[in-house]
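Notes for the one structure printed next.
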Protein chains: 4
Amino acid sequence: MTFQEIIKLHPQPTRVDHDTLLRCIDECLDCAASCTACADASLSEPDVHEMVRVVRLCLDCADVCEATGRIVTRQTAPDLRFMRTVIEACATACVVCADECDLHAAHHEHCRVCAEVCRRCKGACDDLLAAIG
Amino acid sequence: MTFQEIIKLHPQPTRVDHDTLLRCIDECLDCAASCTACADASLSEPDVHEMVRVVRLCLDCADVCEATGRIVTRQTAPDLRFMRTVIEACATACVVCADECDLHAAHHEHCRVCAEVCRRCKGACDDLLAAIG
Amino acid sequence: MTFQEIIKLHPQPTRVDHDTLLRCIDECLDCAASCTACADASLSEPDVHEMVRVVRLCLDCADVCEATGRIVTRQTAPDLRFMRTVIEACATACVVCADECDLHAAHHEHCRVCAEVCRRCKGACDDLLAAIG
Amino acid sequence: MTFQEIIKLHPQPTRVDHDTLLRCIDECLDCAASCTACADASLSEPDVHEMVRVVRLCLDCADVCEATGRIVTRQTAPDLRFMRTVIEACATACVVCADECDLHAAHHEHCRVCAEVCRRCKGACDDLLAAIG
């Protein structure tokens, strides 16, 4: 996506490895959009009363992925201590949401795909945490 | 991105043309992330006092693109009248932001790229408005 | 709330009537939080399958109120044309959400209260539109 | 604010102490709006080049407070492990932002007030963490 080009043009880039950073932002955006879409698809399922916890955790995961994506995008005068806590919260949201989606993966394909995106985002968060040190 | 796969798996999809819908969501996400990145890059420029209006309009554009992306993603029981007003607001934000970024495109490459993304998002919003009817 | 104090301390305030502005921001925040809470309460109701449209429209309304609240808060170099379109989208979201909540007001008190907040926010948006001119 | 009434009407409320929960949500909303307003006021200051880090951290703090406010509002099927990580990230954002605002409190009143709101929100987050256990 084009936003990655803009991040590369920052006049005072952070020293964090750029590929790791860009992949984490990309996964946060995809995970946020995927969770918004999975919450909405779950809401339209005939067995919506079974999907209540999926909807709730997908909404949470979308909120924290979106905030994390924005925060990690900013390279101006970062505070690494804070950045670590928000990436950790994001990774936790992804695991919790993936675990719940997995329970419905057999009968709802959107949950199966959403769980995959969440775990990929979790991995990208972990890699960024390692790169920040 | 994977979120598009999830949208296609919605149990009760809207009748709106899927390609037009998916392209609009994609552009809203890219525009939101690009504006967040351009506001941040502008803030780090030595001539930041000249960039104040860019920062402000990029923040606005990011906020409205993000909200629009979420709202357009949802296919459950949509209200088309409301959807039109929010897509129109998004298209306006994109034009206003692109016009301001253009003023700085000659000396700040990130503004040149950001203006392009904004205009592409504006076009995708217009196409979705036409598809909704 | 304290944020109103900070808005009053802006070094270059807009000429828009301050009371109207502050009331609109206040109502947007309350409406966003109310819709988040009503979507969540509706999700936990035994008749959740009847509440699907409430949940969806409350999520939309929360998203647009939050974005509008942020955008209207900013007084630096505003673009009034864009500001009008986003306030109009917000007012429309509030009406659409209030109408749906009204349908469930008799059996779900949280929907009755949420409809009230939405209509109050709609009124504050209309007043701000009139003040902007 | 009215949203608190709606939270009290949730059909399956969490066991977390309600006063502590409501105060945390209230402070998150006020802190998010205050940080949005302080970032914007700082951007309009004649010494904006000195305010760059304030703007950045206020934007971060607004993003995480807004996400935390939404997540903590939801009482349906909560995941306490995740909730703790996001409240901790929020508390950290508040401290980091308050420390930076304090550096400008002597010459910019909006920074002095914003630092106060951030510290109050930090306290409310800590109290909620203690209540969750």
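Chain labels run A, B, ... following the order of the structure tokens; each chain numbers its residues from 1, and ligands are numbered from 1 in the order shown.
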**Prompt:** Hey, what's within 9 Å of Pro46 in chain D if we count only C-alpha atoms and toss same-chain stuff fewer than 3 positions away? As a list in words, please?
**Reply:**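 With the cut-off at 9 Å, the set is His49 of chain B; Pro11 of chain C; Ser42, Leu43 and His49 of chain D.
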Selection file, N, CA, C and O atoms, as a short mmCIF file (atom, residue, chain, number, x, y, z; two decimals), in the first residue's frame:
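Output file selection-v8.cif follows:
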```cif
data_model
loop_
_atom_site.label_atom_id
_atom_site.label_comp_id
_atom_site.auth_asym_id
_atom_site.auth_seq_id
_atom_site.Cartn_x
_atom_site.Cartn_y
_atom_site.Cartn_z
N HIS B 49 6.45 25.13 10.94
CA HIS B 49 5.50 26.26 11.06
C HIS B 49 4.75 26.52 9.75
O HIS B 49 3.69 27.13 9.75
N PRO C 11 -4.62 29.16 21.29
CA PRO C 11 -4.02 30.48 20.99
C PRO C 11 -4.67 31.20 19.81
O PRO C 11 -4.55 32.43 19.73
N SER D 42 -1.28 23.21 20.61
CA SER D 42 0.19 23.24 20.49
C SER D 42 0.61 23.51 19.05
O SER D 42 1.59 24.22 18.80
N LEU D 43 -0.15 22.96 18.12
CA LEU D 43 0.14 23.14 16.70
C LEU D 43 -0.02 24.61 16.28
O LEU D 43 0.60 25.05 15.31
N HIS D 49 7.73 24.59 16.78
CA HIS D 49 8.91 23.71 16.64
C HIS D 49 9.39 23.16 17.99
O HIS D 49 10.07 22.14 18.03
#
```
Cut-off 10 Å: closest chain A/chain C atom pairs per residue, using only C-alpha atoms, as CSV:
```
residue,atom,partner,partner_atom,distance
A:Ala39,CA,C:Arg56,CA,9.8
A:Asp40,CA,C:Arg56,CA,7.6
A:Leu43,CA,C:Val52,CA,6.3
A:Ser44,CA,C:Val52,CA,7.3
A:Glu45,CA,C:His49,CA,9.1
A:Pro46,CA,C:His49,CA,8.0
A:Asp47,CA,C:His49,CA,8.4
A:Val48,CA,C:His49,CA,6.4
A:His49,CA,C:Val48,CA,6.4
A:Met51,CA,C:Leu43,CA,9.5
A:Val52,CA,C:Leu43,CA,6.3
A:Arg53,CA,C:Leu43,CA,9.1
A:Val55,CA,C:Leu43,CA,8.4
A:Arg56,CA,C:Asp40,CA,7.6
A:Leu59,CA,C:Leu59,CA,9.5
```
Prev. selection, N, CA, C and O atoms, output as a short mmCIF file (atom, residue, chain, number, x, y, z; two decimals), in the first residue's frame:
```cif
data_model
loop_
_atom_site.label_atom_id
_atom_site.label_comp_id
_atom_site.auth_asym_id
_atom_site.auth_seq_id
_atom_site.Cartn_x
_atom_site.Cartn_y
_atom_site.Cartn_z
N ALA A 39 -16.78 -9.33 12.85
CA ALA A 39 -17.83 -8.96 13.81
C ALA A 39 -19.15 -8.75 13.08
O ALA A 39 -20.21 -9.21 13.52
N ASP A 40 -19.08 -8.08 11.94
CA ASP A 40 -20.29 -7.77 11.16
C ASP A 40 -20.88 -9.03 10.53
O ASP A 40 -22.11 -9.22 10.54
N LEU A 43 -22.59 -11.10 13.19
CA LEU A 43 -23.85 -10.47 13.58
C LEU A 43 -24.99 -10.88 12.65
O LEU A 43 -26.16 -10.86 13.03
N SER A 44 -24.66 -11.23 11.42
CA SER A 44 -25.67 -11.62 10.43
C SER A 44 -25.89 -13.13 10.34
O SER A 44 -26.70 -13.59 9.53
N GLU A 45 -25.17 -13.89 11.16
CA GLU A 45 -25.34 -15.35 11.12
C GLU A 45 -26.66 -15.76 11.79
O GLU A 45 -27.06 -15.14 12.78
N PRO A 46 -27.30 -16.83 11.29
CA PRO A 46 -28.53 -17.31 11.93
C PRO A 46 -28.31 -17.70 13.40
O PRO A 46 -29.19 -17.53 14.22
N ASP A 47 -27.08 -18.14 13.73
CA ASP A 47 -26.80 -18.52 15.12
C ASP A 47 -26.08 -17.40 15.87
O ASP A 47 -25.14 -17.63 16.62
N VAL A 48 -26.57 -16.16 15.67
CA VAL A 48 -25.90 -14.98 16.26
C VAL A 48 -25.75 -15.11 17.77
O VAL A 48 -24.77 -14.63 18.34
N HIS A 49 -26.71 -15.77 18.45
CA HIS A 49 -26.62 -15.91 19.92
C HIS A 49 -25.39 -16.73 20.34
O HIS A 49 -24.94 -16.64 21.47
N MET A 51 -22.58 -16.33 18.68
CA MET A 51 -21.46 -15.54 18.16
C MET A 51 -21.16 -14.29 19.00
O MET A 51 -20.30 -13.50 18.65
N VAL A 52 -21.88 -14.13 20.09
CA VAL A 52 -21.80 -12.90 20.89
C VAL A 52 -20.36 -12.60 21.33
O VAL A 52 -19.90 -11.46 21.22
N ARG A 53 -19.66 -13.63 21.81
CA ARG A 53 -18.29 -13.40 22.28
C ARG A 53 -17.34 -13.10 21.12
O ARG A 53 -16.41 -12.30 21.26
N VAL A 55 -18.20 -11.46 18.37
CA VAL A 55 -18.46 -10.06 18.02
C VAL A 55 -17.72 -9.13 18.98
O VAL A 55 -17.01 -8.21 18.56
N ARG A 56 -17.88 -9.40 20.27
CA ARG A 56 -17.27 -8.53 21.27
C ARG A 56 -15.75 -8.46 21.14
O ARG A 56 -15.16 -7.38 21.13
N LEU A 59 -14.56 -6.66 18.00
CA LEU A 59 -14.65 -5.19 18.15
C LEU A 59 -13.46 -4.67 18.96
O LEU A 59 -12.83 -3.67 18.59
#
```
**Request:** Mind the document's chain letters and residue numbers, and return as a PyMOL selection string the residues of chain D that DSSP labels helix (DSSP H, G or I).
**Result:** chain D and resi 3-8+18-43+48-50+52-73+80-102+109-132
Selected residues written out, C-alpha atoms, as a compact mmCIF listing (two decimals), in the first residue's frame:
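What ended up in out17.txt:
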```txt
# COMPACT_ATOMS: atom_id res chain seq x y z
CA PHE D 3 -23.63 6.94 28.70
CA GLN D 4 -23.10 5.91 32.33
CA GLU D 5 -26.85 5.35 32.67
CA ILE D 6 -26.75 2.99 29.67
CA ILE D 7 -23.83 1.04 31.10
CA LYS D 8 -25.82 0.55 34.33
CA HIS D 18 -19.27 -0.04 38.88
CA ASP D 19 -18.07 3.28 40.29
CA THR D 20 -14.44 2.43 39.51
CA LEU D 21 -15.39 1.27 36.01
CA LEU D 22 -17.50 4.36 35.23
CA ARG D 23 -14.84 6.72 36.54
CA CYS D 24 -12.19 5.09 34.34
CA ILE D 25 -14.35 5.39 31.21
CA ASP D 26 -15.15 9.01 32.07
CA GLU D 27 -11.46 9.87 32.53
CA CYS D 28 -10.50 8.06 29.30
CA LEU D 29 -13.05 10.13 27.34
CA ASP D 30 -11.96 13.39 28.96
CA CYS D 31 -8.28 12.56 28.48
CA ALA D 32 -8.77 11.59 24.82
CA ALA D 33 -10.63 14.84 24.11
CA SER D 34 -8.14 16.89 26.14
CA CYS D 35 -5.16 15.42 24.30
CA THR D 36 -6.83 16.03 20.92
CA ALA D 37 -7.40 19.65 21.99
CA CYS D 38 -3.87 20.09 23.43
CA ALA D 39 -2.22 18.64 20.29
CA ASP D 40 -4.27 21.12 18.25
CA ALA D 41 -3.54 24.11 20.51
CA SER D 42 0.19 23.24 20.49
CA LEU D 43 0.14 23.14 16.70
CA VAL D 48 5.40 25.07 17.37
CA HIS D 49 8.91 23.71 16.64
CA GLU D 50 9.33 23.33 20.43
CA VAL D 52 6.58 18.71 18.25
CA ARG D 53 6.96 16.03 20.93
CA VAL D 54 3.88 17.30 22.80
CA VAL D 55 1.79 17.01 19.61
CA ARG D 56 3.04 13.50 18.92
CA LEU D 57 2.49 12.15 22.43
CA CYS D 58 -0.92 13.85 22.74
CA LEU D 59 -2.00 12.14 19.50
CA ASP D 60 -0.79 8.77 20.82
CA CYS D 61 -2.49 9.31 24.18
CA ALA D 62 -5.78 10.30 22.50
CA ASP D 63 -5.70 7.15 20.35
CA VAL D 64 -5.06 4.77 23.23
CA CYS D 65 -7.50 6.47 25.63
CA GLU D 66 -10.24 6.31 23.01
CA ALA D 67 -9.64 2.60 22.32
CA THR D 68 -9.42 1.85 26.06
CA GLY D 69 -12.62 3.79 26.77
CA ARG D 70 -14.49 1.72 24.17
CA ILE D 71 -13.06 -1.61 25.33
CA VAL D 72 -13.69 -1.00 29.02
CA THR D 73 -17.24 0.13 28.22
CA LEU D 80 -9.77 -9.79 31.71
CA ARG D 81 -6.21 -10.72 30.67
CA PHE D 82 -6.49 -8.60 27.54
CA MET D 83 -8.33 -5.85 29.39
CA ARG D 84 -5.45 -5.53 31.84
CA THR D 85 -2.84 -5.13 29.07
CA VAL D 86 -4.81 -2.37 27.37
CA ILE D 87 -5.47 -0.47 30.63
CA GLU D 88 -1.75 -0.73 31.42
CA ALA D 89 -0.86 0.67 27.99
CA CYS D 90 -3.33 3.50 28.61
CA ALA D 91 -1.82 4.31 32.01
CA THR D 92 1.66 4.39 30.46
CA ALA D 93 0.51 6.69 27.64
CA CYS D 94 -0.97 9.07 30.23
CA VAL D 95 2.25 9.24 32.27
CA VAL D 96 4.48 9.76 29.23
CA CYS D 97 2.17 12.47 27.85
CA ALA D 98 1.82 14.21 31.24
CA ASP D 99 5.62 14.30 31.68
CA GLU D 100 6.06 15.97 28.30
CA CYS D 101 3.18 18.43 28.86
CA ASP D 102 4.70 19.37 32.23
CA GLU D 109 -1.62 26.85 30.14
CA HIS D 110 -3.26 24.19 27.90
CA CYS D 111 -0.28 21.89 28.58
CA ARG D 112 -0.61 22.45 32.33
CA VAL D 113 -4.29 21.49 32.27
CA CYS D 114 -3.66 18.55 29.90
CA ALA D 115 -0.96 17.13 32.22
CA GLU D 116 -3.50 17.22 35.06
CA VAL D 117 -6.14 15.35 33.05
CA CYS D 118 -3.56 12.72 32.00
CA ARG D 119 -2.50 12.10 35.60
CA ARG D 120 -6.13 11.83 36.71
CA CYS D 121 -6.76 9.29 33.93
CA LYS D 122 -3.63 7.37 34.95
CA GLY D 123 -4.99 7.18 38.51
CA ALA D 124 -8.38 5.95 37.29
CA CYS D 125 -6.67 3.26 35.19
CA ASP D 126 -4.62 2.12 38.19
CA ASP D 127 -7.78 1.94 40.33
CA LEU D 128 -9.55 -0.15 37.68
CA LEU D 129 -6.55 -2.48 37.41
CA ALA D 130 -6.72 -2.97 41.20
CA ALA D 131 -10.49 -3.59 41.02
CA ILE D 132 -10.09 -6.19 38.24
```
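Atom to atom, CA of Thr14 in chain A and CA of Gln75 in chain A stand 5.7 Å apart.
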**Separation of CA of Thr2 in chain A from CA of Met1 in chain B in Å** =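 Atom-to-atom, CA of Met1 in chain B and CA of Thr2 in chain A are spaced 13.3 Å apart.
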**Request:** Could you please determine the separation between CA of Gln12 in chain A and CA of Ala106 in chain B in Å, to one decimal place?
**Result:**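 Separation between CA of Gln12 in chain A and CA of Ala106 in chain B: 18.8 Å.
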